[in-house]
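> My structure is stored as entry32.csv, with CSV, C-alpha atoms.
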chain,number,residue,atom,x,y,z
A,27,ASN,CA,0.0,0.0,0.0
A,28,CYS,CA,1.1,3.5,-0.9
A,29,ALA,CA,-0.3,6.6,0.7
A,30,PHE,CA,0.1,10.2,-0.1
A,31,VAL,CA,-0.3,13.0,2.3
A,32,ARG,CA,-0.8,16.5,1.0
A,33,ASP,CA,-1.1,19.6,3.1
A,34,ILE,CA,-4.1,21.6,1.9
A,35,THR,CA,-4.1,24.2,4.6
A,36,GLU,CA,-3.2,27.0,2.2
A,37,ARG,CA,-5.9,26.0,-0.3
A,38,LYS,CA,-8.5,25.9,2.5
A,39,LYS,CA,-7.4,29.4,3.6
A,40,ALA,CA,-7.7,30.7,0.0
A,41,GLU,CA,-11.2,29.1,-0.4
A,42,LYS,CA,-12.3,30.6,2.9
A,43,ALA,CA,-11.0,34.1,1.9
A,44,LEU,CA,-12.7,33.7,-1.5
A,45,ARG,CA,-16.0,32.7,0.1
A,46,GLN,CA,-15.8,35.7,2.5
A,47,SER,CA,-15.1,38.1,-0.4
A,48,GLN,CA,-18.1,36.7,-2.4
A,49,GLU,CA,-20.3,37.1,0.7
A,50,GLN,CA,-19.2,40.7,1.1
A,51,LEU,CA,-19.8,41.5,-2.5
A,52,THR,CA,-23.2,39.9,-2.4
A,53,SER,CA,-24.1,41.9,0.7
A,54,ILE,CA,-22.9,45.2,-0.9
A,55,LEU,CA,-24.8,44.6,-4.1
A,56,GLY,CA,-27.9,43.5,-2.2
A,57,SER,CA,-28.0,46.7,-0.2
A,58,LEU,CA,-28.1,49.0,-3.3
A,59,GLU,CA,-31.2,50.6,-4.5
A,60,ASP,CA,-30.0,50.5,-8.1
A,61,ILE,CA,-30.5,47.3,-10.1
A,62,VAL,CA,-27.1,45.6,-10.8
A,63,TRP,CA,-27.2,42.8,-13.4
A,64,SER,CA,-25.0,40.7,-15.6
A,65,LEU,CA,-26.0,38.7,-18.7
A,66,SER,CA,-24.1,35.9,-20.4
A,67,LEU,CA,-23.7,36.5,-24.2
A,68,GLU,CA,-23.3,32.7,-24.7
A,69,ASN,CA,-26.8,31.8,-23.7
A,70,PHE,CA,-28.5,35.2,-22.9
A,71,LYS,CA,-29.2,34.0,-19.3
A,72,TYR,CA,-28.7,36.2,-16.3
A,73,ILE,CA,-25.5,35.5,-14.3
A,74,TYR,CA,-26.5,37.9,-11.6
A,75,ILE,CA,-29.4,40.3,-10.7
A,76,ASN,CA,-29.5,42.0,-7.3
A,77,PRO,CA,-32.8,42.1,-5.3
A,78,ALA,CA,-33.4,45.8,-6.0
A,79,ILE,CA,-35.1,44.6,-9.2
A,80,GLU,CA,-38.1,43.5,-7.2
A,81,LYS,CA,-38.7,47.0,-5.6
A,82,VAL,CA,-38.2,48.9,-8.9
A,83,TYR,CA,-40.1,46.6,-11.2
A,84,GLY,CA,-42.7,45.4,-8.7
A,85,ARG,CA,-42.0,41.8,-9.9
A,86,PHE,CA,-40.2,38.8,-8.4
A,87,LEU,CA,-36.6,38.3,-9.3
A,88,SER,CA,-37.4,34.8,-10.5
A,89,GLU,CA,-39.7,36.2,-13.2
A,90,PHE,CA,-36.6,37.8,-14.8
A,91,ILE,CA,-34.5,34.7,-14.4
A,92,ASN,CA,-37.3,32.6,-16.1
A,93,ASN,CA,-37.9,35.2,-18.9
A,94,THR,CA,-34.8,37.1,-20.0
A,95,GLN,CA,-37.0,39.3,-22.3
A,96,LEU,CA,-39.2,40.5,-19.5
A,97,TRP,CA,-37.2,43.7,-19.0
A,98,LEU,CA,-38.1,44.6,-22.6
A,99,GLU,CA,-41.7,43.4,-22.4
A,100,VAL,CA,-42.5,45.7,-19.5
A,101,ILE,CA,-41.0,48.8,-21.1
A,102,HIS,CA,-43.6,51.4,-22.0
A,103,PRO,CA,-44.7,50.7,-25.6
A,104,GLU,CA,-43.5,54.2,-26.8
A,105,ASP,CA,-40.0,53.5,-25.5
A,106,GLN,CA,-39.6,49.8,-26.5
A,107,SER,CA,-38.0,50.5,-30.0
A,108,LEU,CA,-35.4,52.9,-28.5
A,109,ALA,CA,-34.5,50.4,-25.8
A,110,LYS,CA,-34.3,47.5,-28.3
A,111,SER,CA,-32.2,49.5,-30.8
A,112,VAL,CA,-29.7,50.7,-28.2
A,113,SER,CA,-29.4,47.2,-26.7
A,114,GLU,CA,-28.7,45.8,-30.2
A,115,LYS,CA,-26.0,48.4,-30.8
A,116,LEU,CA,-24.4,47.4,-27.6
A,117,ILE,CA,-24.3,43.7,-28.5
A,118,ASN,CA,-23.5,44.1,-32.2
A,119,GLN,CA,-21.3,47.1,-32.2
A,120,GLY,CA,-20.0,47.4,-28.7
A,121,ILE,CA,-21.5,50.8,-28.2
A,122,ASN,CA,-22.1,51.3,-24.5
A,123,LYS,CA,-25.8,51.8,-23.4
A,124,ASP,CA,-26.9,54.8,-21.5
A,125,ILE,CA,-30.6,55.5,-22.0
A,126,GLU,CA,-33.7,56.6,-20.1
A,127,TYR,CA,-37.1,54.9,-20.6
A,128,ARG,CA,-40.3,54.1,-18.8
A,129,ILE,CA,-41.5,50.8,-17.5
A,130,VAL,CA,-45.0,49.8,-16.6
A,131,ARG,CA,-45.4,48.0,-13.3
A,132,PRO,CA,-48.0,45.2,-12.7
A,133,ASP,CA,-50.2,47.7,-10.9
A,134,GLY,CA,-50.1,50.0,-13.9
A,135,THR,CA,-47.9,52.7,-12.5
A,136,ILE,CA,-45.1,54.2,-14.6
A,137,CYS,CA,-41.5,54.2,-13.5
A,138,TRP,CA,-38.6,56.0,-15.2
A,139,LEU,CA,-35.3,54.2,-15.4
A,140,ARG,CA,-31.8,55.2,-16.5
A,141,ASP,CA,-30.2,52.0,-17.8
A,142,ARG,CA,-26.4,51.8,-18.4
A,143,ALA,CA,-24.6,48.8,-19.7
A,144,ASN,CA,-21.3,47.7,-21.4
A,145,LEU,CA,-19.8,44.6,-22.9
A,146,ILE,CA,-17.2,42.6,-20.9
A,147,TYR,CA,-14.5,40.8,-23.0
A,148,ASP,CA,-12.4,37.8,-22.4
A,149,ASP,CA,-8.6,37.7,-22.8
A,150,THR,CA,-8.9,37.2,-26.6
A,151,GLY,CA,-11.1,40.2,-27.0
A,152,LYS,CA,-14.3,38.3,-27.5
A,153,PRO,CA,-17.4,39.8,-25.8
A,154,ILE,CA,-18.6,37.3,-23.1
A,155,ARG,CA,-21.2,39.2,-21.1
A,156,ILE,CA,-23.1,42.4,-20.5
A,157,ASP,CA,-22.8,44.1,-17.1
A,158,GLY,CA,-25.3,46.9,-16.3
A,159,ILE,CA,-26.9,49.1,-13.7
A,160,ALA,CA,-30.4,50.6,-13.8
A,161,THR,CA,-31.5,53.5,-11.6
A,162,ASP,CA,-35.0,54.5,-10.8
A,163,ILE,CA,-35.2,58.2,-11.8
A,164,THR,CA,-38.9,58.6,-11.5
A,165,GLU,CA,-38.7,61.3,-8.8
A,166,ARG,CA,-36.3,63.4,-10.9
A,167,LYS,CA,-38.5,63.0,-14.0
A,168,LEU,CA,-41.6,64.1,-12.1
A,169,ALA,CA,-39.7,67.1,-10.7
A,170,GLN,CA,-38.6,68.1,-14.2
A,171,GLU,CA,-42.1,67.8,-15.6
A,172,ALA,CA,-43.5,69.9,-12.7
A,173,LEU,CA,-40.8,72.6,-13.3
A,174,ILE,CA,-41.6,72.7,-17.1
A,175,LYS,CA,-45.4,73.0,-16.3
A,176,SER,CA,-44.7,75.7,-13.7
A,177,GLU,CA,-42.5,77.7,-16.2
A,178,GLU,CA,-45.2,77.3,-18.9
A,179,GLN,CA,-47.9,78.6,-16.5
A,180,PHE,CA,-45.7,81.5,-15.5
A,181,ARG,CA,-45.1,82.4,-19.1
A,182,LEU,CA,-48.8,82.2,-20.0
A,183,THR,CA,-49.7,84.4,-17.0
A,184,PHE,CA,-47.5,87.2,-18.5
A,185,GLU,CA,-48.5,86.7,-22.1
A,186,LEU,CA,-52.3,86.6,-21.4
A,187,ALA,CA,-52.4,89.2,-18.7
A,188,PRO,CA,-54.9,92.0,-19.5
A,189,ILE,CA,-52.5,94.6,-18.2
A,190,GLY,CA,-48.9,95.3,-18.9
A,191,MET,CA,-46.5,93.3,-16.6
A,192,ALA,CA,-42.7,93.4,-16.3
A,193,ILE,CA,-40.1,91.8,-14.1
A,194,THR,CA,-37.3,94.1,-13.0
A,195,THR,CA,-34.3,93.6,-10.7
A,196,LEU,CA,-32.9,96.2,-8.3
Could the structure of this file be written out as structure tokens, please?


Amino acid sequence: NCAFVRDITERKKAEKALRQSQEQLTSILGSLEDIVWSLSLENFKYIYINPAIEKVYGRFLSEFINNTQLWLEVIHPEDQSLAKSVSEKLINQGINKDIEYRIVRPDGTICWLRDRANLIYDDTGKPIRIDGIATDITERKLAQEALIKSEEQFRLTFELAPIGMAITTL
């Protein structure tokens, strides 16, 4: 009988450190309000999506895992062609994606997103995945719309006033 003994202490330490590092990264990504995602270009399946997707989209994370086209299907009909076009340019031409569009949640509410993504390449320069981040910008969009409406009302007040009005500074 022949027996070999190998000291695997260093390998076990490295595995533990890797596991701890992965747990820290998962904890950090899980605490973000932005959606962080990664998609394999080999099979167009998600490699990772953080839990923020559930709050933003009002849908379960598993729905996105089971249907990788769901993100496009829930985009407001008026914004779908833009989102699809920009995503195709990313995949086919390597042009980074940075767009704003609306989604429709299951309850019918509209949410604005800023969606950014870029290709990740292997050592040979072949694109292997898409990494992205999507931010809920609904509050900012609503504030912009309110400001535009307020400015329009202010302008109309001056234009339609039955008396002469002027703004001066001292």

> For region 64-74 of chain A, work out the shell of residues within 10 Å, counting only C-alpha atoms and skipping chain neighbours fewer than 2 positions away, then give it as a list in words.

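In the requested format, the answer is Thr52, Val62, Asn76, Pro77, Phe90, Ile91, Asn92, Asn93, Thr94, Gln95, Ile117, Ala143, Asn144, Leu145, Ile146, Pro153, Ile154, Arg155, Ile156, Asp157, Gly158 and Ile159 of chain A.
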
> Please return as a list in words every residue within 10 Å of (-29.4, 47.8, -26.5), taking into account only C-alpha atoms and the file's own coordinates.

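Within 10 Å of (-29.4, 47.8, -26.5), the protein and nucleic acid residues are Ser107, Leu108, Ala109, Lys110, Ser111, Val112, Ser113, Glu114, Lys115, Leu116, Ile117, Asn118, Gln119, Gly120, Ile121, Asn122, Lys123, Asp124, Ile125, Asp141, Arg142, Ala143 and Asn144 of chain A.
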
> What does the distance between CA of Lys81 (chain A) and CA of Gln170 (chain A) come to in Å, to one decimal place?

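Pair CA of Lys81 (chain A) / CA of Gln170 (chain A) returns 22.8 Å.
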
> Given the choices A:Lys152, A:Arg166, A:Lys175, A:Arg85, which gets closest to Ile129 (chain A) if the distance is worked out from only C-alpha atoms?

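Residue with the minimum atom-to-atom distance to Ile129 (chain A): A:Arg85.
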
> Would you mind telling me which residue in A:Glu177, A:Arg140, A:Glu165, A:Ala160 lies nearest to Trp63 (chain A) when using all atoms listed in the file?

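When distances to Trp63 (chain A) are compared using all atoms listed in the file, the smallest one comes from A:Ala160.
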
> Quick one: pull the distance between CA of Ala78 (chain A) and CA of Pro132 (chain A), Å, one decimal.

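Distance reported for this atom pair: 16.1 Å.
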
> Report, in Å to a single decimal, how far apart CA of Trp138 (chain A) and CA of Ile163 (chain A) are.

5.3 Å
